[in-house]
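So this block is model.txt, compact mmCIF, C-alpha atoms:
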# COMPACT_ATOMS: atom_id res chain seq x y z
CA MET R 1 4.34 34.06 -0.39
CA LEU R 2 1.51 34.87 1.98
CA SER R 3 1.98 33.54 5.50
CA VAL R 4 -0.63 31.34 7.16
CA LYS R 5 -3.31 33.23 9.06
CA PRO R 6 -5.03 31.91 12.22
CA TRP R 7 -8.50 33.04 11.17
CA LYS R 8 -11.40 30.95 12.46
CA LEU R 9 -14.39 30.37 10.19
CA ASP R 10 -17.02 31.31 12.78
CA ALA R 11 -15.16 34.54 13.60
CA ILE R 12 -15.09 35.51 9.91
CA VAL R 13 -18.82 34.85 9.53
CA ARG R 14 -19.58 36.86 12.66
CA LEU R 15 -17.37 39.72 11.44
CA PHE R 16 -19.08 40.07 8.07
CA VAL R 17 -22.56 39.71 9.53
CA SER R 18 -21.64 42.43 12.03
CA VAL R 19 -20.56 44.71 9.18
CA PHE R 20 -23.92 44.21 7.46
CA VAL R 21 -25.77 44.94 10.71
CA CYS R 22 -23.79 48.19 11.05
CA MET R 23 -24.69 49.15 7.48
CA PHE R 24 -28.39 48.67 8.23
CA THR R 25 -27.92 50.65 11.44
CA GLY R 26 -26.42 53.48 9.41
CA SER R 27 -29.45 53.48 7.11
CA LEU R 28 -31.72 53.62 10.12
CA ILE R 29 -29.80 56.55 11.59
CA GLU R 30 -30.10 58.34 8.26
CA SER R 31 -33.88 57.89 8.31
CA VAL R 32 -33.97 59.36 11.83
CA LEU R 33 -32.00 62.41 10.67
CA VAL R 34 -34.32 62.82 7.69
CA PHE R 35 -37.38 62.54 9.93
CA PHE R 36 -36.23 65.34 12.23
CA SER R 37 -35.16 67.53 9.32
CA GLU R 38 -38.78 67.73 8.18
CA PRO R 39 -40.82 70.72 9.44
CA LYS R 40 -43.71 68.63 10.73
CA HIS R 41 -43.65 65.15 12.19
CA PRO R 42 -46.99 64.37 13.89
CA LYS R 43 -46.15 60.67 14.26
CA ILE R 44 -43.06 61.29 16.34
CA ILE R 45 -43.88 58.83 19.14
CA PRO R 46 -44.56 55.79 16.89
CA PHE R 47 -41.50 56.61 14.80
CA LEU R 48 -39.21 57.00 17.81
CA ALA R 49 -40.57 53.80 19.35
CA CYS R 50 -39.96 51.78 16.17
CA SER R 51 -36.59 53.28 15.25
CA GLY R 52 -35.34 53.19 18.86
CA GLY R 53 -36.44 49.57 19.21
CA ALA R 54 -34.72 48.69 15.93
CA LEU R 55 -31.48 50.27 17.13
CA LEU R 56 -31.67 48.28 20.38
CA PHE R 57 -32.24 45.05 18.45
CA PHE R 58 -29.25 45.76 16.17
CA ALA R 59 -27.13 46.53 19.23
CA GLY R 60 -28.20 43.18 20.67
CA ALA R 61 -27.21 41.44 17.45
CA LEU R 62 -23.76 43.03 17.62
CA PHE R 63 -23.46 41.91 21.24
CA PHE R 64 -24.14 38.26 20.39
CA LEU R 65 -21.91 38.42 17.30
CA GLY R 66 -19.08 39.84 19.38
CA ARG R 67 -19.09 36.93 21.81
CA SER R 68 -16.86 33.93 21.25
CA TRP R 69 -19.01 31.06 19.98
CA THR R 70 -18.43 27.57 21.37
CA PHE R 71 -20.29 24.33 20.92
CA GLU R 72 -22.03 24.87 24.26
CA ASN R 73 -23.35 28.37 23.53
CA LEU R 74 -23.78 28.06 19.75
CA ARG R 75 -27.54 27.56 19.77
CA ARG R 76 -28.20 30.31 22.30
CA HIS R 77 -26.09 32.88 20.47
CA PHE R 78 -27.43 31.91 17.05
CA ILE R 79 -31.05 32.27 18.22
CA GLY R 80 -30.16 35.60 19.83
CA VAL R 81 -28.69 36.92 16.56
CA ILE R 82 -31.68 35.75 14.50
CA VAL R 83 -34.21 37.30 16.90
CA CYS R 84 -32.32 40.59 17.11
CA VAL R 85 -31.69 40.90 13.36
CA TYR R 86 -35.26 40.09 12.38
CA GLY R 87 -36.61 42.25 15.19
CA GLY R 88 -34.47 45.15 13.97
CA PHE R 89 -35.58 44.66 10.37
CA THR R 90 -39.24 44.50 11.39
CA LEU R 91 -39.16 47.63 13.53
CA GLY R 92 -37.05 49.41 10.93
CA TRP R 93 -39.65 48.59 8.29
CA LEU R 94 -42.39 49.90 10.57
CA ALA R 95 -40.41 53.09 11.17
CA ALA R 96 -40.06 53.57 7.41
CA HIS R 97 -43.81 52.97 7.02
CA VAL R 98 -44.55 55.67 9.61
CA GLN R 99 -42.16 58.10 7.95
CA LYS R 100 -43.27 60.04 4.88
CA PRO R 101 -41.57 59.02 1.59
CA SER R 102 -38.30 60.92 1.27
CA ALA R 103 -35.36 61.07 -1.13
CA GLY R 104 -32.93 61.00 1.79
CA LEU R 105 -30.70 63.54 3.45
CA ASP R 106 -30.42 66.88 1.71
CA ASN R 107 -26.80 67.16 2.83
CA ALA R 108 -25.05 64.78 0.40
CA THR R 109 -21.72 65.09 2.23
CA LEU R 110 -23.30 64.04 5.54
CA LYS R 111 -25.06 61.17 3.79
CA THR R 112 -21.80 59.91 2.26
CA LEU R 113 -19.92 60.29 5.53
CA LEU R 114 -22.61 58.35 7.38
CA ALA R 115 -22.41 55.57 4.78
CA VAL R 116 -18.61 55.40 5.07
CA LEU R 117 -18.68 55.35 8.88
CA SER R 118 -21.39 52.66 9.02
CA PHE R 119 -19.48 50.42 6.57
CA GLN R 120 -15.74 51.09 6.45
CA GLY R 121 -15.56 52.85 9.80
CA ALA R 122 -17.49 50.09 11.54
CA ALA R 123 -15.35 47.50 9.73
CA LEU R 124 -12.19 48.97 11.29
CA VAL R 125 -13.65 48.76 14.79
CA LEU R 126 -14.94 45.24 14.21
CA ALA R 127 -11.62 44.17 12.68
CA HIS R 128 -9.88 45.25 15.88
CA ARG R 129 -12.25 43.01 17.82
CA PHE R 130 -11.61 40.21 15.31
CA VAL R 131 -7.82 40.45 15.61
CA ARG R 132 -7.97 40.62 19.41
CA GLU R 133 -10.17 37.49 19.48
CA HIS R 134 -7.38 35.62 17.67
CA GLN R 135 -4.85 36.90 20.23
CA VAL R 136 -2.55 38.49 17.66
CA GLY R 137 -1.53 42.09 17.10
CA TRP R 138 -2.22 44.10 13.97
CA THR R 139 1.42 43.91 12.92
CA ASP R 140 1.54 40.11 13.00
CA ALA R 141 -1.99 39.72 11.66
CA PHE R 142 -1.30 41.60 8.44
CA GLY R 143 2.50 41.44 8.15
CA LEU R 144 2.93 45.18 8.60
CA LYS R 145 6.67 44.83 9.34
CA ASN R 146 7.51 42.47 6.48
CA ASN R 147 9.82 44.25 3.99
CA ARG R 148 8.04 47.52 4.71
CA ARG R 149 10.04 49.68 2.29
CA GLN R 150 9.70 47.18 -0.51
CA ALA R 151 5.95 46.86 0.14
CA LEU R 152 5.41 50.62 0.04
CA ALA R 153 7.56 51.05 -3.08
CA LEU R 154 5.86 48.17 -4.89
CA GLY R 155 2.41 49.48 -4.03
CA PHE R 156 3.42 52.90 -5.37
CA PHE R 157 4.88 51.47 -8.59
CA VAL R 158 1.98 49.12 -9.34
CA MET R 159 -0.55 51.89 -8.78
CA PHE R 160 0.97 54.20 -11.38
CA SER R 161 1.37 51.28 -13.79
CA ALA R 162 -2.24 50.11 -13.38
CA LEU R 163 -3.99 53.50 -13.19
CA PRO R 164 -3.97 54.25 -16.96
CA ILE R 165 -5.18 50.71 -17.71
CA CYS R 166 -8.06 51.05 -15.25
CA TRP R 167 -9.04 54.41 -16.77
CA ILE R 168 -8.97 52.92 -20.28
CA LEU R 169 -11.10 49.97 -19.15
CA GLN R 170 -13.57 52.38 -17.59
CA MET R 171 -13.88 54.34 -20.84
CA LEU R 172 -14.32 51.10 -22.78
CA SER R 173 -17.03 50.03 -20.33
CA VAL R 174 -18.88 53.30 -20.91
CA SER R 175 -18.64 52.85 -24.69
CA ALA R 176 -19.82 49.24 -24.50
CA LEU R 177 -22.83 50.14 -22.35
CA GLN R 178 -23.76 53.01 -24.66
CA HIS R 179 -23.47 50.68 -27.67
CA LEU R 180 -25.87 48.30 -25.93
CA HIS R 181 -28.20 51.24 -25.15
CA ILE R 182 -27.68 50.73 -21.43
CA GLU R 183 -27.45 53.80 -19.25
CA ALA R 184 -23.97 54.21 -17.78
CA PRO R 185 -24.61 56.20 -14.60
CA GLU R 186 -21.81 57.91 -12.75
CA GLN R 187 -20.96 56.58 -9.31
CA THR R 188 -23.02 58.21 -6.56
CA ALA R 189 -19.88 59.15 -4.65
CA VAL R 190 -18.43 60.85 -7.75
CA LYS R 191 -21.65 62.85 -8.27
CA ILE R 192 -21.50 64.02 -4.68
CA LEU R 193 -17.84 65.01 -5.01
CA ARG R 194 -18.55 67.00 -8.15
CA GLY R 195 -21.39 68.84 -6.40
CA THR R 196 -19.38 69.63 -3.27
CA ASP R 197 -18.58 73.33 -3.23
CA THR R 198 -16.95 73.93 0.16
CA MET R 199 -13.36 73.10 1.07
CA LEU R 200 -14.40 71.58 4.41
CA ASN R 201 -16.73 69.10 2.72
CA ARG R 202 -14.03 68.19 0.21
CA ILE R 203 -11.53 67.57 3.01
CA VAL R 204 -14.00 65.38 4.89
CA LEU R 205 -14.84 63.35 1.79
CA GLY R 206 -11.16 63.13 0.89
CA ILE R 207 -10.28 61.67 4.30
CA ALA R 208 -13.09 59.14 3.93
CA ALA R 209 -12.13 58.12 0.38
CA ILE R 210 -8.34 58.17 0.73
CA GLY R 211 -7.80 57.36 4.40
CA ILE R 212 -10.65 55.31 5.83
CA ALA R 213 -12.09 53.31 2.93
CA PRO R 214 -8.83 51.79 1.58
CA VAL R 215 -7.67 50.59 5.00
CA ALA R 216 -11.01 49.02 5.93
CA GLU R 217 -11.61 47.38 2.55
CA GLU R 218 -8.09 45.94 2.37
CA ILE R 219 -8.40 44.46 5.85
CA LEU R 220 -11.76 42.87 5.01
CA PHE R 221 -11.06 41.58 1.48
CA ARG R 222 -7.33 40.92 1.28
CA GLY R 223 -6.39 40.73 4.96
CA ILE R 224 -9.15 38.41 6.20
CA LEU R 225 -11.43 36.97 3.52
CA TYR R 226 -8.81 36.07 0.90
CA PRO R 227 -6.44 34.06 3.14
CA ALA R 228 -9.39 32.35 4.85
CA ILE R 229 -10.75 30.97 1.56
CA LYS R 230 -7.27 30.16 0.29
CA GLN R 231 -6.32 28.22 3.42
CA SER R 232 -9.54 26.22 3.12
CA GLY R 233 -8.04 24.62 0.00
CA PHE R 234 -9.44 26.91 -2.71
CA PRO R 235 -6.64 29.33 -3.74
CA ARG R 236 -8.04 30.18 -7.20
CA LEU R 237 -11.56 30.54 -5.86
CA ALA R 238 -10.21 32.88 -3.18
CA ILE R 239 -8.69 35.15 -5.83
CA TRP R 240 -11.83 35.37 -7.96
CA ILE R 241 -14.42 35.55 -5.18
CA THR R 242 -12.69 38.41 -3.37
CA SER R 243 -11.91 40.26 -6.62
CA LEU R 244 -15.39 39.97 -8.12
CA LEU R 245 -17.00 40.83 -4.80
CA PHE R 246 -14.76 43.89 -4.50
CA GLY R 247 -15.84 45.05 -7.96
CA ALA R 248 -19.50 44.36 -7.23
CA ILE R 249 -19.83 46.16 -3.87
CA HIS R 250 -19.28 49.52 -5.57
CA LEU R 251 -22.62 48.97 -7.35
CA ASN R 252 -21.64 50.47 -10.69
CA LEU R 253 -21.44 48.73 -14.08
CA VAL R 254 -18.90 51.21 -15.43
CA THR R 255 -16.34 50.55 -12.69
CA PHE R 256 -16.95 46.81 -12.24
CA ILE R 257 -14.27 45.59 -14.67
CA PRO R 258 -11.51 48.10 -13.74
CA LEU R 259 -12.11 47.56 -10.01
CA THR R 260 -12.04 43.79 -10.45
CA LEU R 261 -8.70 44.15 -12.22
CA LEU R 262 -7.49 46.37 -9.40
CA ALA R 263 -8.56 43.72 -6.88
CA LEU R 264 -6.60 41.04 -8.77
CA LEU R 265 -3.50 43.24 -8.58
CA LEU R 266 -4.09 43.78 -4.86
CA VAL R 267 -4.19 40.01 -4.28
CA TRP R 268 -0.95 39.63 -6.24
CA LEU R 269 0.65 42.38 -4.15
CA TYR R 270 -0.35 40.74 -0.89
CA GLU R 271 1.03 37.41 -2.04
CA LYS R 272 4.24 39.07 -3.27
CA THR R 273 4.98 41.13 -0.16
CA ASP R 274 3.07 39.37 2.66
CA ASN R 275 2.43 42.91 3.88
CA LEU R 276 -1.00 44.53 3.70
CA LEU R 277 0.65 47.96 3.61
CA ALA R 278 1.41 47.36 -0.07
CA CYS R 279 -2.29 46.88 -0.81
CA ILE R 280 -3.34 49.85 1.33
CA THR R 281 -0.76 52.06 -0.42
CA LEU R 282 -1.98 51.08 -3.90
CA HIS R 283 -5.65 51.41 -2.96
CA SER R 284 -5.21 54.75 -1.22
CA LEU R 285 -3.16 56.26 -4.06
CA PHE R 286 -5.66 54.93 -6.59
CA ASN R 287 -8.52 56.66 -4.75
CA ALA R 288 -6.43 59.82 -4.38
CA ALA R 289 -5.73 59.94 -8.12
CA ASN R 290 -9.40 59.51 -8.99
CA PHE R 291 -10.38 62.03 -6.31
CA ALA R 292 -7.99 64.59 -7.79
CA MET R 293 -9.15 63.99 -11.37
CA ILE R 294 -12.73 64.82 -10.43
CA TYR R 295 -11.60 68.41 -9.85
CA ILE R 296 -8.70 68.58 -12.32
CA LEU R 297 -10.70 67.63 -15.42
CA PRO R 298 -13.29 70.44 -15.07
CA TRP R 299 -10.44 72.90 -14.42
CA LEU R 300 -8.65 71.77 -17.60
CA ALA R 301 -11.90 72.02 -19.56
CA ASP R 302 -12.35 75.63 -18.40
CA ARG R 303 -8.77 76.63 -19.11
CA PHE R 304 -8.43 74.74 -22.40
CA PRO R 305 -11.91 74.45 -23.96
CA GLN R 306 -10.40 73.23 -27.22
CA LEU R 307 -9.42 69.99 -25.47
CA ALA R 308 -12.99 69.25 -24.33
CA PRO R 309 -14.86 66.60 -26.32
CA SER R 310 -17.27 68.09 -28.87
Show me the file's structure as structure tokens.
Amino acid sequence: MLSVKPWKLDAIVRLFVSVFVCMFTGSLIESVLVFFSEPKHPKIIPFLACSGGALLFFAGALFFLGRSWTFENLRRHFIGVIVCVYGGFTLGWLAAHVQKPSAGLDNATLKTLLAVLSFQGAALVLAHRFVREHQVGWTDAFGLKNNRRQALALGFFVMFSALPICWILQMLSVSALQHLHIEAPEQTAVKILRGTDTMLNRIVLGIAAIGIAPVAEEILFRGILYPAIKQSGFPRLAIWITSLLFGAIHLNLVTFIPLTLLALLLVWLYEKTDNLLACITLHSLFNAANFAMIYILPWLADRFPQLAPS
């Protein structure tokens, strides 16, 4: 059974808003990189003024969100966040208006890495601030010492039991969408992995997908959000909100159902072990298996063309 967590509602709200601010900051940084990758940029001063101002506003929002909110300073900090967020959005929009229309960074690996760092990477840093605000260590916060061997073994076993089911559900989702004449696009990350031709880029993307993303997402969804909703008196709602949200954030119809199932299993694991390492193990191995299959399947198709679908 999952132990009680000391998470405060205002700290949770500030954490998730901070993550969203970091994601927008990452998009802004990408636009800056795109701007300077172009051969000519006559509007450099207006662009730098707008983008630089937006970054300062977002930094201000993170400053206010990082402060402990009390009844006395609530209004001041709330107004500060609103002003900084809207100021950042406004200047970011102006910077985009100054910039010529662009499809984004040409370097898909850099683009993916920037997205991972501005979401999952930022989430890890912000989670450290969140845990420290509650005056607990990482070990106590997420039960990292509770039945460690059992947690690791259970995460390993559940992953290999659930992986074929998730793959079957994904294939069924593709078939259902095709039957409904709905395009079933491949995940953007998968497209980028397939197109990556250098070993260095594959290693970088592998670290992001197998090492950074699982840890950050498990801390956010299972480690913080799930117990917070559950302890508020809504245990079933906690299970379904965190699971459906986990499936939805990957922004792909094909993977929505299998990832939602995976999230349900991750919740069960956390409840069973009271150790987030079990969830991180399952999630990381699941990503590793899918990462490997992206390169194994084309290799099998080349070596054994008779096995390829006609």
Quiz prompt | R:Leu117 environment, 10 Å, only C-alpha atoms, sequence neighbours closer than 2 positions dropped, as a PyMOL selection string | solution = chain R and resi 22-23+26+112-115+119-124+208+212-213
Mind dumping the selected residues with C-alpha atoms as a short mmCIF file (atom, residue, chain, number, x, y, z; two decimals), in the frame of the given file?
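out-v7.cif was written with the following content:
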data_model
loop_
_atom_site.label_atom_id
_atom_site.label_comp_id
_atom_site.auth_asym_id
_atom_site.auth_seq_id
_atom_site.Cartn_x
_atom_site.Cartn_y
_atom_site.Cartn_z
CA CYS R 22 -23.79 48.19 11.05
CA MET R 23 -24.69 49.15 7.48
CA GLY R 26 -26.42 53.48 9.41
CA THR R 112 -21.80 59.91 2.26
CA LEU R 113 -19.92 60.29 5.53
CA LEU R 114 -22.61 58.35 7.38
CA ALA R 115 -22.41 55.57 4.78
CA PHE R 119 -19.48 50.42 6.57
CA GLN R 120 -15.74 51.09 6.45
CA GLY R 121 -15.56 52.85 9.80
CA ALA R 122 -17.49 50.09 11.54
CA ALA R 123 -15.35 47.50 9.73
CA LEU R 124 -12.19 48.97 11.29
CA ALA R 208 -13.09 59.14 3.93
CA ILE R 212 -10.65 55.31 5.83
CA ALA R 213 -12.09 53.31 2.93
#
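As for atom CA of R:Phe142 and atom CA of R:Asp10, they are spaced 19.3 Å apart.
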Axis-aligned box over every listed atom of stretch 61-67 of chain R, padded by 3 Å per side: centre and edges in Å to one decimal, as JSON?
{"center_x": -23.1, "center_y": 40.0, "center_z": 19.6, "size_x": 14.1, "size_y": 12.1, "size_z": 10.5}
Practice problem: Grab the atom CA of R:Leu154 to atom CA of R:His250 distance for me, in Å with one decimal place. | Solution: 25.2 Å
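Distance-wise, atom CA of R:Leu152 and atom CA of R:Gly211 end up 15.5 Å apart.
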